[in-house]
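Asker: I am sharing entry-v4.txt, which consists of compact mmCIF, C-alpha atoms:
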# COMPACT_ATOMS: atom_id res chain seq x y z
CA MET A 95 0.00 0.00 0.00
CA LYS A 96 1.36 3.41 -0.93
CA ILE A 97 0.32 7.02 -0.52
CA ARG A 98 0.11 8.27 -4.10
CA LEU A 99 -2.81 10.70 -4.11
CA LYS A 100 -3.90 13.57 -1.87
CA SER A 101 -7.25 15.19 -2.61
CA LEU A 102 -7.88 18.91 -2.38
CA LEU A 103 -11.42 20.27 -2.74
CA VAL A 104 -11.58 23.15 -5.20
CA ASN A 105 -14.64 25.14 -6.21
CA ASP A 106 -13.43 25.64 -9.78
CA GLN A 107 -11.14 23.07 -11.40
CA GLU A 108 -9.96 25.26 -14.27
CA LYS A 109 -9.14 28.18 -12.00
CA ALA A 110 -7.41 25.80 -9.61
CA LEU A 111 -5.31 24.29 -12.39
CA ARG A 112 -4.13 27.76 -13.40
CA PHE A 113 -3.36 28.75 -9.80
CA TYR A 114 -1.52 25.56 -8.91
CA THR A 115 0.55 25.52 -12.10
CA ASP A 116 1.03 29.18 -13.08
CA ILE A 117 1.32 30.65 -9.59
CA LEU A 118 2.56 27.85 -7.36
CA GLY A 119 4.65 26.13 -10.03
CA PHE A 120 3.29 22.59 -9.93
CA VAL A 121 2.94 20.57 -13.11
CA LYS A 122 -0.21 18.96 -14.48
CA LYS A 123 0.19 15.18 -14.41
CA THR A 124 -3.17 13.66 -15.34
CA GLU A 125 -6.33 15.02 -16.89
CA ILE A 126 -9.18 12.66 -17.70
CA PRO A 127 -12.68 13.92 -18.56
CA MET A 128 -15.30 12.56 -16.16
CA GLY A 129 -18.74 13.88 -16.94
CA GLU A 130 -19.00 17.55 -16.09
CA HIS A 131 -15.73 17.39 -14.12
CA ARG A 132 -12.25 15.98 -14.65
CA TRP A 133 -9.82 13.68 -12.90
CA LEU A 134 -7.15 16.32 -12.54
CA THR A 135 -3.84 15.98 -10.74
CA VAL A 136 -0.70 18.06 -10.34
CA VAL A 137 2.73 17.11 -9.03
CA THR A 138 5.81 18.86 -7.74
CA ARG A 139 8.08 19.85 -10.63
CA ASP A 140 11.11 18.16 -9.03
CA GLU A 141 9.19 15.02 -8.10
CA PRO A 142 7.11 14.03 -11.11
CA ASP A 143 6.68 10.53 -9.69
CA GLY A 144 5.86 11.74 -6.19
CA VAL A 145 2.48 12.21 -4.53
CA GLU A 146 -0.18 13.60 -6.88
CA LEU A 147 -2.46 16.37 -5.66
CA VAL A 148 -5.99 15.68 -6.92
CA LEU A 149 -7.93 18.87 -7.64
CA GLU A 150 -11.36 17.57 -6.66
CA PRO A 151 -14.53 19.47 -7.51
CA THR A 152 -16.77 20.35 -4.55
CA ALA A 153 -19.87 18.92 -6.18
CA PHE A 154 -21.02 17.24 -2.97
CA PRO A 155 -22.89 19.95 -0.95
CA PRO A 156 -21.63 18.88 2.51
CA ALA A 157 -18.09 19.19 1.12
CA GLN A 158 -18.83 22.83 0.27
CA THR A 159 -20.03 23.44 3.83
CA PHE A 160 -16.91 21.82 5.24
CA GLN A 161 -14.60 23.76 2.94
CA GLN A 162 -16.31 27.06 3.75
CA ALA A 163 -16.12 26.48 7.51
CA LEU A 164 -12.40 25.76 7.31
CA PHE A 165 -11.81 28.79 5.14
CA GLU A 166 -13.68 31.15 7.46
CA ALA A 167 -11.73 29.88 10.48
CA GLY A 168 -8.47 30.48 8.60
CA ILE A 169 -7.60 26.79 8.90
CA PRO A 170 -5.30 25.35 6.25
CA PHE A 171 -6.26 21.75 5.53
CA THR A 172 -3.33 21.28 3.16
CA ALA A 173 0.31 22.24 3.58
CA PHE A 174 3.31 22.29 1.28
CA GLU A 175 6.92 22.23 2.39
CA VAL A 176 9.25 24.86 0.97
CA ASP A 177 13.04 25.19 1.10
CA ASN A 178 13.01 28.90 1.88
CA LEU A 179 9.77 30.30 3.25
CA ASP A 180 10.71 33.98 3.20
CA LYS A 181 11.75 33.76 -0.43
CA GLU A 182 8.57 31.89 -1.37
CA TYR A 183 6.45 34.37 0.58
CA ASP A 184 8.01 37.29 -1.32
CA ARG A 185 7.59 35.52 -4.65
CA LEU A 186 3.91 34.77 -4.03
CA LEU A 187 3.19 38.29 -2.79
CA VAL A 188 4.60 39.66 -6.03
CA ALA A 189 2.40 37.19 -7.92
CA GLY A 190 -0.64 38.71 -6.20
CA VAL A 191 -1.34 35.95 -3.66
CA THR A 192 -3.20 37.01 -0.49
CA PHE A 193 -1.84 35.80 2.85
CA SER A 194 -4.02 35.42 5.95
CA MET A 195 -0.94 34.63 8.04
CA THR A 196 2.45 36.19 7.35
CA PRO A 197 5.63 34.19 8.11
CA THR A 198 5.36 33.08 11.73
CA MET A 199 7.59 30.84 13.84
CA MET A 200 5.94 27.85 15.51
CA GLY A 201 8.73 26.14 17.42
CA PRO A 202 11.44 25.35 14.87
CA THR A 203 9.02 25.63 11.95
CA LYS A 204 8.21 28.75 9.99
CA LEU A 205 4.64 28.95 8.63
CA ALA A 206 2.57 31.17 6.40
CA VAL A 207 -0.99 30.76 5.11
CA PHE A 208 -2.46 31.99 1.84
CA ASP A 209 -5.74 31.92 -0.08
CA ASP A 210 -5.63 29.63 -3.14
CA THR A 211 -8.62 31.52 -4.67
CA CYS A 212 -10.49 28.20 -4.97
CA GLY A 213 -11.91 28.01 -1.46
CA ASN A 214 -8.87 26.93 0.54
CA ASN A 215 -6.32 28.23 2.95
CA ILE A 216 -2.98 26.67 2.08
CA GLN A 217 -0.09 26.55 4.50
CA ILE A 218 3.54 26.63 3.44
CA TYR A 219 6.18 25.68 5.97
CA GLN A 220 9.91 25.39 6.36
CA ILE A 221 11.44 23.23 9.05
CA MET A 222 14.40 25.31 10.14
CA MET B 168 -7.21 37.37 14.04
CA THR B 169 -8.53 34.06 12.70
CA TYR B 170 -9.27 31.00 14.81
CA TYR B 171 -6.20 29.33 13.29
CA GLN B 172 -3.88 32.23 14.13
CA LYS B 173 -5.08 32.12 17.74
CA GLN B 174 -4.42 28.38 17.85
CA VAL B 175 -0.91 28.82 16.45
CA GLN B 176 -0.15 31.51 19.02
CA HIS B 177 -1.55 29.40 21.86
CA LEU B 178 0.26 26.21 20.86
CA ARG B 179 3.54 28.03 20.31
CA LEU B 180 3.51 29.20 23.91
CA GLN B 181 2.19 25.95 25.32
CA CYS B 182 4.30 23.41 23.41
CA PHE B 183 7.66 24.98 22.65
CA PRO B 184 10.49 26.59 24.60
CA GLY B 185 11.41 30.26 24.06
CA GLN B 186 12.86 31.48 20.78
CA THR B 187 16.44 31.71 22.12
CA LEU B 188 16.46 28.01 22.91
CA ILE B 189 14.72 27.23 19.62
CA ASN B 190 17.44 29.10 17.73
CA ARG B 191 20.12 27.04 19.45
CA LEU B 192 18.32 23.81 18.55
CA ILE B 193 17.98 24.99 14.96
CA LYS B 194 21.75 25.54 14.80
CA ALA B 195 22.37 21.98 15.99
CA LYS B 196 19.81 20.58 13.55
CA GLN B 197 21.46 22.49 10.71
CA LEU B 198 24.80 21.01 11.79
CA ILE B 199 23.26 17.55 11.29
CA ASP B 200 21.85 18.61 7.90
CA SER B 201 25.24 19.74 6.64
CA HIS B 202 27.58 17.25 8.33
CA PHE B 203 25.58 13.99 8.36
CA THR B 204 28.31 12.11 6.48
CA GLU B 205 30.95 12.85 9.10
CA GLY B 206 30.06 10.53 11.97
CA LEU B 207 28.64 13.29 14.18
CA LYS B 208 28.74 12.61 17.91
CA LEU B 209 25.90 13.54 20.23
CA GLU B 210 28.30 15.67 22.30
CA THR B 211 29.21 17.70 19.20
CA MET B 212 25.54 18.38 18.43
CA ALA B 213 24.77 19.32 22.04
CA ARG B 214 27.81 21.62 22.14
CA GLU B 215 26.49 23.40 19.03
CA ALA B 216 23.25 24.06 20.95
CA HIS B 217 25.14 25.07 24.12
CA MET B 218 23.34 22.43 26.16
CA SER B 219 24.08 19.32 28.15
CA THR B 220 23.48 16.16 26.13
CA PHE B 221 20.53 15.21 28.32
CA ARG B 222 18.80 18.57 27.90
CA PHE B 223 19.64 18.65 24.19
CA ILE B 224 18.01 15.27 23.56
CA ARG B 225 14.92 16.24 25.56
CA LEU B 226 14.41 19.61 23.84
CA PHE B 227 15.30 18.34 20.37
CA ARG B 228 12.70 15.63 20.73
CA GLN B 229 10.14 18.11 22.03
CA CYS B 230 10.66 20.39 19.02
CA TYR B 231 11.34 17.99 16.16
CA GLY B 232 9.37 14.95 17.31
CA ARG B 233 12.36 12.62 17.34
CA THR B 234 15.74 12.31 19.04
CA PRO B 235 18.86 13.83 17.43
CA HIS B 236 20.09 10.32 16.63
CA GLN B 237 16.79 9.37 15.01
CA TYR B 238 16.88 12.57 12.98
CA LEU B 239 20.48 11.95 11.89
CA THR B 240 19.51 8.44 10.78
CA THR B 241 16.50 9.82 8.87
CA VAL B 242 18.73 12.28 7.00
CA ARG B 243 21.28 9.57 6.15
CA ILE B 244 18.61 7.14 4.93
CA ARG B 245 16.92 9.85 2.87
CA GLU B 246 20.23 10.62 1.21
CA ALA B 247 20.90 6.90 0.72
CA ARG B 248 17.59 6.57 -1.09
CA ARG B 249 18.47 9.50 -3.32
CA LEU B 250 21.90 8.09 -4.15
CA LEU B 251 20.53 4.64 -4.91
CA GLN B 252 17.74 6.10 -7.05
CA THR B 253 20.27 8.05 -9.06
CA GLY B 254 22.32 4.95 -9.82
CA TYR B 255 25.10 4.85 -7.19
CA SER B 256 26.06 1.37 -6.10
CA MET B 257 25.26 0.21 -2.57
CA THR B 258 28.97 0.27 -1.68
CA ASP B 259 29.46 3.79 -3.02
CA ALA B 260 26.37 5.07 -1.19
CA CYS B 261 27.49 3.38 2.01
CA PHE B 262 30.90 5.04 2.10
CA MET B 263 29.71 8.41 0.79
CA LEU B 264 27.33 8.55 3.75
CA GLY B 265 30.06 7.78 6.25
CA PHE B 266 29.01 4.27 7.23
CA SER B 267 31.92 2.09 8.25
CA SER B 268 30.59 -1.17 6.83
CA VAL B 269 28.25 -2.26 4.07
CA THR B 270 26.66 -4.77 6.45
CA SER B 271 25.65 -2.15 9.02
CA PHE B 272 24.46 0.22 6.27
CA SER B 273 22.38 -2.50 4.67
CA ALA B 274 20.85 -3.55 7.99
CA LEU B 275 19.93 0.03 8.94
CA PHE B 276 18.53 0.73 5.48
CA ARG B 277 16.40 -2.38 5.66
CA LYS B 278 15.16 -1.53 9.14
CA HIS B 279 13.98 1.89 7.95
CA THR B 280 12.65 1.13 4.50
CA GLY B 281 11.69 -2.53 4.74
CA GLN B 282 13.95 -3.35 1.79
CA THR B 283 17.64 -4.04 1.26
CA PRO B 284 19.49 -1.29 -0.64
CA SER B 285 19.79 -3.47 -3.73
CA ALA B 286 16.10 -4.45 -3.70
CA PHE B 287 15.15 -0.80 -3.20
CA GLN B 288 17.34 0.26 -6.13
CA LYS B 289 15.96 -2.42 -8.42
CA LYS B 290 12.38 -1.47 -7.58
CA ALA B 291 13.04 2.27 -7.87
CA ILE B 292 14.25 1.79 -11.42
CA SER B 293 11.32 -0.41 -12.44
CA ASP B 294 8.78 1.94 -10.79
CA LYS B 295 10.16 5.05 -12.39
CA SER B 296 7.84 5.09 -15.35
CA ALA B 297 4.70 3.99 -13.57
CA SER B 298 2.69 5.86 -10.98
CA GLY B 299 -0.69 7.02 -9.75
CA PHE B 300 -3.98 6.70 -11.51
CA MET B 301 -2.53 5.73 -14.88
CA THR B 302 -0.95 2.70 -13.26
CA TYR B 303 -4.30 1.82 -11.79
CA LEU B 304 -5.95 2.17 -15.20
CA ARG B 305 -3.33 -0.02 -16.85
CA SER B 306 -3.50 -2.76 -14.23
Once more with this new file: its structure as structure tokens, please.
Answerer:
Amino acid sequence: MKIRLKSLLVNDQEKALRFYTDILGFVKKTEIPMGEHRWLTVVTRDEPDGVELVLEPTAFPPAQTFQQALFEAGIPFTAFEVDNLDKEYDRLLVAGVTFSMTPTMMGPTKLAVFDDTCGNNIQIYQIM
Amino acid sequence: MTYYQKQVQHLRLQCFPGQTLINRLIKAKQLIDSHFTEGLKLETMAREAHMSTFRFIRLFRQCYGRTPHQYLTTVRIREARRLLQTGYSMTDACFMLGFSSVTSFSALFRKHTGQTPSAFQKKAISDKSASGFMTYLRS
């Protein structure tokens, strides 16, 4: 058994694909039409065979409620590790990304949280 | 301030030592990150953090979730995986990582990954072109 997929609820798959590739720098791995939605995954550029992030549509109403509650509380349900958080923070700010939490130390880990424009707070972190 | 920000602030105060101590632990952790091939001794790491070995182990574990030795082993195994995946032989990887014998390297690697270095390398090469949903579709 292996961990190969991690789902992320997004309220607009096309918008999410643009954000996660153009802004964050991930790479589209799989796109398969499935009715009105798609099986859509992205991967880290440096790890094309690593874990795939599934950009899942929030078609299931309770999922929308869950996503909205997390967003309003500022809770990031997904986190990505970065090598240099300050640098990444500056880069994303320039790209127009909105942060709800600026770089903050939590023990030996530096965190920041941004809005992915598709209904989620995303945390980036660097273990110092 | 969001609920999450309040939680982060609360947990930071409740679960971690002050920033001065954290900075000293970070220095020691970074020593491990940059010198993991050199047979680092616990005393050397603790000295970098300006702490007794006992206190260093306790605080390191509190902050990083594992002991300094466990962390050092994790870093060495991660690098071993990378070397084997990129085609280095088991013997080369073993000595590049500062292990004194292939037998002890192989045993430690197996304990942490569930596979011998050679089995891991063989599988890594055969897996390289297959992953995720497409694999599922093809199977």
Asker: Could you check which of A:Arg98, A:Leu134, A:Thr192, A:Leu111 is closest to Asp209 of chain A, using only C-alpha atoms?
Answerer: A:Thr192
Asker: Which residues of segment 116-181 of chain A come within 9 Å of segment 186-190 of chain A, and for each one, what is the closest pair of atoms and their distance in Å to one decimal, counting only C-alpha atoms, sorted by chain and residue number, as JSON lines?
Answerer:
{"residue": "A:Ile117", "atom": "CA", "partner": "A:Ala189", "partner_atom": "CA", "distance": 6.8}
{"residue": "A:Leu118", "atom": "CA", "partner": "A:Leu186", "partner_atom": "CA", "distance": 7.8}
{"residue": "A:Lys181", "atom": "CA", "partner": "A:Leu186", "partner_atom": "CA", "distance": 8.7}
Asker: Given all atoms listed in the file as the basis, pick out the residue of B:Lys289, B:Lys278, B:Arg225, B:Lys208 nearest to Gly254 of chain B.
Answerer: B:Lys289
Asker: Quick one: distance from atom CA of Thr159 of chain A to atom CA of Arg112 of chain A in Å, one decimal?
Answerer: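 These atoms are spaced 23.8 Å apart.
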Asker: Quick one, how far is atom CA of His279 of chain B from atom CA of Gln229 of chain B?
Answerer: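 The value is 21.8 Å.
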Asker: Determine the nearest neighbour of chain B from the options A:Met222, A:Leu179, A:Met95, A:Val136, counting all atoms listed in the file.
Answerer: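 Once distances to chain B are computed over all atoms listed in the file, the minimum belongs to A:Met222.
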Asker: Pull out every residue of chain B sitting within 10 Å of chain A, counting all atoms listed in the file, and send them as a ChimeraX atom specification.
Answerer: /B:168-180,182-186,188-194,196-197,227,229-231,294-301
Asker: Env of Leu250 of chain B: 9 Å cut, atoms = all atoms listed in the file, seq-sep filter 5 positions within chain, self excluded. Answer as a PDB file with C-alpha atoms, keeping the file's coordinate frame.
Answerer:
ATOM      1  CA  ARG B 245      16.920   9.850   2.870  1.00  0.00           C
ATOM      2  CA  TYR B 255      25.100   4.850  -7.190  1.00  0.00           C
ATOM      3  CA  SER B 256      26.060   1.370  -6.100  1.00  0.00           C
ATOM      4  CA  MET B 257      25.260   0.210  -2.570  1.00  0.00           C
ATOM      5  CA  ASP B 259      29.460   3.790  -3.020  1.00  0.00           C
ATOM      6  CA  ALA B 260      26.370   5.070  -1.190  1.00  0.00           C
TER       7      ALA B 260
END
Asker: Applying 12 Å and all atoms listed in the file, which residues near Leu275 of chain B remain after dropping the ones on its own chain fewer than 2 positions away? List them as a PyMOL selection string.
Answerer: chain B and resi 237+240-241+243-245+247+261+266+268-273+277-284
Asker: Kindly save the residues from that selection, with C-alpha atoms included, as an mmCIF file, in the coordinates of the input.
Answerer:
data_model
loop_
_atom_site.group_PDB
_atom_site.id
_atom_site.type_symbol
_atom_site.label_atom_id
_atom_site.label_comp_id
_atom_site.auth_asym_id
_atom_site.auth_seq_id
_atom_site.Cartn_x
_atom_site.Cartn_y
_atom_site.Cartn_z
ATOM 1 C CA GLN B 237 16.790 9.370 15.010
ATOM 2 C CA THR B 240 19.510 8.440 10.780
ATOM 3 C CA THR B 241 16.500 9.820 8.870
ATOM 4 C CA ARG B 243 21.280 9.570 6.150
ATOM 5 C CA ILE B 244 18.610 7.140 4.930
ATOM 6 C CA ARG B 245 16.920 9.850 2.870
ATOM 7 C CA ALA B 247 20.900 6.900 0.720
ATOM 8 C CA CYS B 261 27.490 3.380 2.010
ATOM 9 C CA PHE B 266 29.010 4.270 7.230
ATOM 10 C CA SER B 268 30.590 -1.170 6.830
ATOM 11 C CA VAL B 269 28.250 -2.260 4.070
ATOM 12 C CA THR B 270 26.660 -4.770 6.450
ATOM 13 C CA SER B 271 25.650 -2.150 9.020
ATOM 14 C CA PHE B 272 24.460 0.220 6.270
ATOM 15 C CA SER B 273 22.380 -2.500 4.670
ATOM 16 C CA ARG B 277 16.400 -2.380 5.660
ATOM 17 C CA LYS B 278 15.160 -1.530 9.140
ATOM 18 C CA HIS B 279 13.980 1.890 7.950
ATOM 19 C CA THR B 280 12.650 1.130 4.500
ATOM 20 C CA GLY B 281 11.690 -2.530 4.740
ATOM 21 C CA GLN B 282 13.950 -3.350 1.790
ATOM 22 C CA THR B 283 17.640 -4.040 1.260
ATOM 23 C CA PRO B 284 19.490 -1.290 -0.640
#
